[in-house]
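Next comes upload_27.cif, a file with mmCIF, C-alpha atoms.
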data_target
loop_
_atom_site.label_atom_id
_atom_site.label_comp_id
_atom_site.auth_asym_id
_atom_site.auth_seq_id
_atom_site.Cartn_x
_atom_site.Cartn_y
_atom_site.Cartn_z
CA MET A 571 0.00 0.00 0.00
CA SER A 572 1.47 3.35 -0.99
CA SER A 573 1.61 6.36 1.30
CA GLY A 574 -0.98 8.08 -0.92
CA GLU A 575 -3.42 5.21 -0.30
CA GLU A 576 -2.80 5.43 3.44
CA LYS A 577 -3.62 9.14 3.48
CA LYS A 578 -6.76 8.64 1.42
CA GLY A 579 -8.20 6.20 3.98
CA SER A 580 -7.11 8.01 7.15
CA GLY A 581 -9.21 11.21 7.08
CA GLY A 582 -12.21 11.66 9.35
CA LEU A 583 -14.89 12.06 6.66
CA SER A 584 -12.95 10.35 3.89
CA GLY A 585 -14.19 6.93 4.97
CA TYR A 586 -17.15 5.00 3.65
CA ASP A 587 -20.39 3.49 4.89
CA LEU A 588 -19.81 -0.08 6.06
CA HIS A 589 -22.46 -2.66 6.87
CA ILE A 590 -21.38 -6.09 8.13
CA ILE A 591 -24.36 -8.42 8.12
CA ALA A 592 -24.29 -12.00 9.40
CA ALA A 593 -27.11 -14.51 9.00
CA ASP A 594 -28.27 -13.89 12.58
CA ARG A 595 -27.61 -10.17 13.13
CA VAL A 596 -26.25 -6.87 11.94
CA PHE A 597 -22.67 -7.08 13.21
CA TYR A 598 -21.63 -3.50 12.41
CA SER A 599 -23.13 -0.48 10.71
CA GLY A 600 -21.30 2.83 10.49
CA ARG A 601 -18.45 4.79 8.94
CA CYS A 602 -15.19 3.01 8.27
CA GLU A 603 -11.74 4.05 7.04
CA SER A 604 -10.34 0.64 6.11
CA MET A 605 -11.34 -3.02 6.08
CA ILE A 606 -9.23 -6.10 5.41
CA ILE A 607 -11.09 -9.26 4.42
CA PRO A 608 -10.01 -12.87 3.78
CA ALA A 609 -10.60 -13.56 0.07
CA TYR A 610 -9.96 -16.77 -1.87
CA ASP A 611 -6.77 -15.37 -3.40
CA GLY A 612 -5.45 -13.62 -0.28
CA GLN A 613 -6.35 -10.68 1.89
CA LYS A 614 -7.98 -7.63 0.33
CA GLU A 615 -7.97 -4.13 1.79
CA ILE A 616 -10.87 -1.82 1.03
CA LEU A 617 -10.32 1.92 1.37
CA ALA A 618 -12.56 4.92 0.65
CA HIS A 619 -13.56 5.45 -2.99
CA HIS A 620 -12.62 1.89 -3.89
CA GLU A 621 -13.51 0.68 -7.36
CA ALA A 622 -16.96 -0.93 -7.58
CA MET A 623 -16.71 -4.72 -7.35
CA LEU A 624 -18.00 -7.91 -5.78
CA ILE A 625 -15.52 -10.11 -3.89
CA ALA A 626 -16.02 -13.67 -2.57
CA VAL A 627 -15.05 -13.88 1.11
CA GLU A 628 -13.39 -16.95 2.60
CA GLU A 629 -13.73 -18.06 6.22
CA GLY A 630 -11.14 -16.41 8.41
CA GLN A 631 -10.16 -13.31 10.30
CA MET A 632 -11.11 -9.85 9.11
CA ARG A 633 -10.50 -6.46 10.62
CA PHE A 634 -11.74 -2.95 10.14
CA ARG A 635 -10.98 0.50 11.47
CA PRO A 636 -14.06 2.63 12.19
CA ALA A 637 -13.83 6.29 11.12
CA GLY A 638 -11.96 8.36 13.69
CA ALA A 639 -10.73 5.31 15.62
CA ALA A 640 -7.05 4.56 16.11
CA ALA A 641 -7.56 0.87 16.89
CA TRP A 642 -8.64 -1.88 14.53
CA GLN A 643 -11.62 -4.08 15.40
CA GLU A 644 -11.28 -7.77 14.62
CA ALA A 645 -13.76 -10.53 13.85
CA VAL A 646 -13.94 -14.07 12.56
CA VAL A 647 -16.25 -14.37 9.55
CA GLY A 648 -17.75 -17.26 7.64
CA LYS A 649 -18.05 -17.49 3.89
CA GLY A 650 -19.88 -14.78 2.03
CA PHE A 651 -19.22 -11.83 -0.20
CA VAL A 652 -18.56 -8.10 -0.08
CA GLN A 653 -20.17 -5.59 -2.41
CA ILE A 654 -18.42 -2.27 -3.04
CA PHE A 655 -20.41 0.41 -4.82
CA ASN A 656 -20.56 4.21 -4.63
CA ASN A 657 -18.43 4.46 -1.46
CA ARG A 658 -20.73 2.00 0.32
CA VAL A 659 -19.50 -1.42 1.38
CA THR A 660 -21.74 -4.30 2.42
CA LEU A 661 -20.20 -7.48 3.79
CA LEU A 662 -22.68 -10.39 3.86
CA VAL A 663 -21.39 -13.48 5.68
CA GLU A 664 -22.75 -16.65 7.26
CA THR A 665 -21.27 -15.80 10.66
CA ALA A 666 -19.43 -12.92 12.31
CA GLU A 667 -17.97 -13.12 15.82
CA ARG A 668 -15.75 -10.88 17.88
CA PRO A 669 -12.85 -12.73 19.57
CA GLU A 670 -14.42 -12.27 23.02
CA GLU A 671 -17.68 -13.89 21.84
CA ILE A 672 -15.99 -17.16 20.85
CA ASP A 673 -16.69 -20.20 23.00
CA VAL A 674 -13.17 -21.62 23.14
CA ALA A 675 -14.21 -25.00 24.57
CA ARG A 676 -16.76 -25.49 21.80
CA ALA A 677 -14.23 -24.45 19.15
CA ARG A 678 -11.66 -26.92 20.52
CA GLU A 679 -14.23 -29.72 20.47
CA ALA A 680 -15.13 -28.86 16.85
CA LYS A 681 -11.43 -28.89 15.92
CA GLU A 682 -10.85 -32.28 17.53
CA ARG A 683 -14.03 -33.72 15.97
CA ALA A 684 -13.00 -32.50 12.50
CA GLN A 685 -9.45 -33.87 12.88
CA GLU A 686 -10.86 -37.28 13.88
CA GLN A 687 -13.26 -37.28 10.91
CA LEU A 688 -10.39 -36.44 8.53
CA ARG A 689 -8.56 -39.58 9.72
CA GLN A 690 -11.54 -41.71 8.64
CA LYS A 691 -12.49 -42.71 5.11
CA GLN A 692 -14.94 -40.20 3.63
CA SER A 693 -16.55 -39.28 0.35
CA ILE A 694 -15.17 -36.23 -1.45
CA GLN A 695 -18.17 -34.16 -0.31
CA GLU A 696 -17.72 -35.24 3.31
CA TYR A 697 -14.00 -34.48 3.09
CA TYR A 698 -14.64 -30.89 1.92
CA HIS A 699 -17.28 -30.39 4.60
CA THR A 700 -14.92 -31.68 7.30
CA SER A 701 -12.05 -29.54 5.99
CA ALA A 702 -14.29 -26.46 6.15
CA SER A 703 -15.29 -27.34 9.73
CA LEU A 704 -11.64 -27.66 10.71
CA ALA A 705 -10.76 -24.33 9.07
CA ARG A 706 -13.63 -22.61 10.88
CA ALA A 707 -12.57 -24.04 14.26
CA MET A 708 -8.93 -23.06 13.70
CA SER A 709 -9.90 -19.50 12.73
CA ARG A 710 -12.07 -19.15 15.82
CA LEU A 711 -9.33 -20.46 18.12
CA LYS A 712 -6.68 -18.25 16.52
CA ALA A 713 -8.87 -15.17 16.94
CA ALA A 714 -9.56 -16.06 20.54
CA GLY A 715 -5.78 -16.11 21.06
CA LYS A 716 -5.74 -19.53 22.67
CA ILE A 717 -3.58 -21.44 20.19
CA ARG A 718 -0.99 -20.78 17.52
CA VAL A 719 -1.89 -21.91 14.04
#

Can you give me the file's structure in the form of structure tokens?
Amino acid sequence: MSSGEEKKGSGGLSGYDLHIIAADRVFYSGRCESMIIPAYDGQKEILAHHEAMLIAVEEGQMRFRPAGAAAWQEAVVGKGFVQIFNNRVTLLVETAERPEEIDVARAREAKERAQEQLRQKQSIQEYYHTSASLARAMSRLKAAGKIRV
């Protein structure tokens, strides 16, 4: 990211409208200066006045900096997509959780269950489902800061 891009996204009113919507709730709605999402081909940063596009979002950790805030806010998101249009960004995902909302014991159990299922013979479809479950559990545990991945 060039220094010109950093300046463009760091002004008080130079941000954009951000709406993060999970299947069960509106996770965040407000002004934002920058957001970094996990995409299929790597992380993508979205700044103010970004080109209009639609991006597929992979399960993993995302972060965003609300307008006027010095600190980044972090979350673990499920699969979904982000729409960028006219300085408005909408992130639609299956799940969105803050690190403090994660039930670490449940995430550990899901990780162990998925690892055990991967050791057993499965169909291709079951294998992909189990791999996704393991990835989700690992992302949740990493965000909760309880293990190193």

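Proximity of A:Gln631, A:Gln690, A:Thr660, A:Ser584 to Ala609 of chain A, computed with only C-alpha atoms, is greatest for A:Gln631.
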
Can you tell me which residues surround segment 674-677 of chain A at a distance of at most 8 Å, considering all atoms listed in the file, apart from same-chain residues fewer than 6 positions away, and format the answer as an mmCIF file with C-alpha atoms, in the frame of the given file?
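Done, and the output landed in out-v1.cif:
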data_model
loop_
_atom_site.group_PDB
_atom_site.id
_atom_site.type_symbol
_atom_site.label_atom_id
_atom_site.label_comp_id
_atom_site.auth_asym_id
_atom_site.auth_seq_id
_atom_site.Cartn_x
_atom_site.Cartn_y
_atom_site.Cartn_z
ATOM 1 C CA ALA A 707 -12.570 -24.040 14.260
ATOM 2 C CA MET A 708 -8.930 -23.060 13.700
ATOM 3 C CA ARG A 710 -12.070 -19.150 15.820
ATOM 4 C CA LEU A 711 -9.330 -20.460 18.120
ATOM 5 C CA ALA A 714 -9.560 -16.060 20.540
ATOM 6 C CA LYS A 716 -5.740 -19.530 22.670
#

| message | Under the PyMOL selection byres ((chain A and resi 599-601) around 6), which residues of this model are included? Write them out as a ChimeraX atom specification. | response | /A:586-589,598,602,636-637

Could you please take those selected residues and save C-alpha atoms as a compact mmCIF listing (two decimals), in the frame of the given file?
# COMPACT_ATOMS: atom_id res chain seq x y z
CA TYR A 586 -17.15 5.00 3.65
CA ASP A 587 -20.39 3.49 4.89
CA LEU A 588 -19.81 -0.08 6.06
CA HIS A 589 -22.46 -2.66 6.87
CA TYR A 598 -21.63 -3.50 12.41
CA CYS A 602 -15.19 3.01 8.27
CA PRO A 636 -14.06 2.63 12.19
CA ALA A 637 -13.83 6.29 11.12

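Applied to this file, the PyMOL selection byres ((chain A and resi 665) around 6) selects Ala592, Val647, Gly648, Val663, Glu664 and Ala666 of chain A.
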
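What separates atom CA of Glu629 of chain A from atom CA of Gln613 of chain A is a distance of 11.3 Å.
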
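Here atom CA of Lys649 of chain A stands at a distance of 16.1 Å from atom CA of Met605 of chain A.
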
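Every protein, DNA or RNA residue with an atom at most 6 Å from Arg635 of chain A, where all atoms listed in the file count and chain neighbours fewer than 4 positions away do not, is listed here: Cys602, Glu603, Ser604 and Trp642 of chain A.
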
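Closest approach to Gly650 of chain A among A:Ala626, A:Ala684, A:Leu617, A:Ser709 is made by A:Ala626 (distances from all atoms listed in the file).
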
| message | Report as a ChimeraX atom specification all protein, DNA and RNA residues lying within 12 Å of Ile625 of chain A, evaluated on all atoms listed in the file, omitting residues in the same chain fewer than 6 positions from it. | response | /A:606-616,649-655,659-663

Atoms to include: C-alpha atoms. Write the selected residues as a tab-separated table (two decimals), in the frame of the given file.
chain	number	residue	atom	x	y	z
A	606	ILE	CA	-9.23	-6.10	5.41
A	607	ILE	CA	-11.09	-9.26	4.42
A	608	PRO	CA	-10.01	-12.87	3.78
A	609	ALA	CA	-10.60	-13.56	0.07
A	610	TYR	CA	-9.96	-16.77	-1.87
A	611	ASP	CA	-6.77	-15.37	-3.40
A	612	GLY	CA	-5.45	-13.62	-0.28
A	613	GLN	CA	-6.35	-10.68	1.89
A	614	LYS	CA	-7.98	-7.63	0.33
A	615	GLU	CA	-7.97	-4.13	1.79
A	616	ILE	CA	-10.87	-1.82	1.03
A	649	LYS	CA	-18.05	-17.49	3.89
A	650	GLY	CA	-19.88	-14.78	2.03
A	651	PHE	CA	-19.22	-11.83	-0.20
A	652	VAL	CA	-18.56	-8.10	-0.08
A	653	GLN	CA	-20.17	-5.59	-2.41
A	654	ILE	CA	-18.42	-2.27	-3.04
A	655	PHE	CA	-20.41	0.41	-4.82
A	659	VAL	CA	-19.50	-1.42	1.38
A	660	THR	CA	-21.74	-4.30	2.42
A	661	LEU	CA	-20.20	-7.48	3.79
A	662	LEU	CA	-22.68	-10.39	3.86
A	663	VAL	CA	-21.39	-13.48	5.68

Complete segment 622-633 of chain A with all heavy atoms (output as a compact mmCIF listing (two decimals), in the coordinates of the input).
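Below you can see part.txt, which holds the result:
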# COMPACT_ATOMS: atom_id res chain seq x y z
N ALA A 622 -15.79 -0.08 -7.78
CA ALA A 622 -16.96 -0.93 -7.58
C ALA A 622 -16.62 -2.36 -7.96
O ALA A 622 -16.05 -2.62 -9.01
CB ALA A 622 -18.13 -0.42 -8.42
N MET A 623 -16.96 -3.30 -7.07
CA MET A 623 -16.71 -4.72 -7.35
C MET A 623 -17.44 -5.60 -6.35
O MET A 623 -17.96 -5.12 -5.34
CB MET A 623 -15.22 -5.05 -7.37
CG MET A 623 -14.48 -4.81 -6.09
SD MET A 623 -12.73 -5.31 -6.08
CE MET A 623 -12.11 -4.62 -7.57
N LEU A 624 -17.43 -6.88 -6.64
CA LEU A 624 -18.00 -7.91 -5.78
C LEU A 624 -16.89 -8.92 -5.52
O LEU A 624 -16.26 -9.40 -6.47
CB LEU A 624 -19.19 -8.57 -6.49
CG LEU A 624 -20.05 -9.50 -5.68
CD1 LEU A 624 -20.77 -8.75 -4.57
CD2 LEU A 624 -21.08 -10.16 -6.59
N ILE A 625 -16.62 -9.23 -4.25
CA ILE A 625 -15.52 -10.11 -3.89
C ILE A 625 -16.06 -11.27 -3.03
O ILE A 625 -16.79 -11.04 -2.06
CB ILE A 625 -14.44 -9.36 -3.07
CG1 ILE A 625 -13.91 -8.16 -3.85
CG2 ILE A 625 -13.30 -10.30 -2.68
CD1 ILE A 625 -13.02 -7.24 -3.02
N ALA A 626 -15.68 -12.50 -3.38
CA ALA A 626 -16.02 -13.67 -2.57
C ALA A 626 -15.14 -13.65 -1.32
O ALA A 626 -13.94 -13.43 -1.40
CB ALA A 626 -15.81 -14.95 -3.36
N VAL A 627 -15.76 -13.90 -0.17
CA VAL A 627 -15.05 -13.88 1.11
C VAL A 627 -14.90 -15.31 1.62
O VAL A 627 -15.87 -16.08 1.62
CB VAL A 627 -15.81 -13.01 2.14
CG1 VAL A 627 -15.15 -13.08 3.51
CG2 VAL A 627 -15.90 -11.58 1.66
N GLU A 628 -13.71 -15.64 2.04
CA GLU A 628 -13.39 -16.95 2.60
C GLU A 628 -13.53 -16.89 4.13
O GLU A 628 -13.43 -15.81 4.72
CB GLU A 628 -11.96 -17.32 2.20
CG GLU A 628 -11.47 -18.66 2.68
CD GLU A 628 -12.21 -19.83 2.07
OE1 GLU A 628 -12.73 -19.72 0.95
OE2 GLU A 628 -12.28 -20.87 2.74
N GLU A 629 -13.72 -18.03 4.77
CA GLU A 629 -13.73 -18.06 6.22
C GLU A 629 -12.38 -17.62 6.75
O GLU A 629 -11.35 -17.97 6.19
CB GLU A 629 -13.99 -19.48 6.72
CG GLU A 629 -15.41 -19.93 6.55
CD GLU A 629 -15.61 -21.35 7.04
OE1 GLU A 629 -14.87 -22.23 6.59
OE2 GLU A 629 -16.51 -21.52 7.87
N GLY A 630 -12.40 -16.84 7.81
CA GLY A 630 -11.14 -16.41 8.41
C GLY A 630 -11.30 -15.14 9.21
O GLY A 630 -12.40 -14.71 9.53
N GLN A 631 -10.17 -14.53 9.49
CA GLN A 631 -10.16 -13.31 10.30
C GLN A 631 -10.23 -12.09 9.40
O GLN A 631 -9.56 -12.03 8.37
CB GLN A 631 -8.90 -13.24 11.15
CG GLN A 631 -8.89 -14.28 12.26
CD GLN A 631 -7.66 -14.11 13.13
OE1 GLN A 631 -6.60 -14.61 12.81
NE2 GLN A 631 -7.83 -13.40 14.23
N MET A 632 -11.04 -11.14 9.79
CA MET A 632 -11.11 -9.85 9.11
C MET A 632 -10.94 -8.78 10.15
O MET A 632 -11.06 -9.02 11.34
CB MET A 632 -12.45 -9.68 8.37
CG MET A 632 -13.70 -9.65 9.24
SD MET A 632 -14.19 -8.05 9.93
CE MET A 632 -14.48 -7.09 8.51
N ARG A 633 -10.59 -7.59 9.69
CA ARG A 633 -10.50 -6.46 10.62
C ARG A 633 -10.89 -5.19 9.89
O ARG A 633 -10.81 -5.11 8.67
CB ARG A 633 -9.11 -6.36 11.23
CG ARG A 633 -7.99 -6.17 10.27
CD ARG A 633 -6.65 -6.32 10.98
NE ARG A 633 -5.58 -6.20 10.01
CZ ARG A 633 -4.57 -5.38 10.12
NH1 ARG A 633 -4.46 -4.58 11.18
NH2 ARG A 633 -3.64 -5.32 9.20
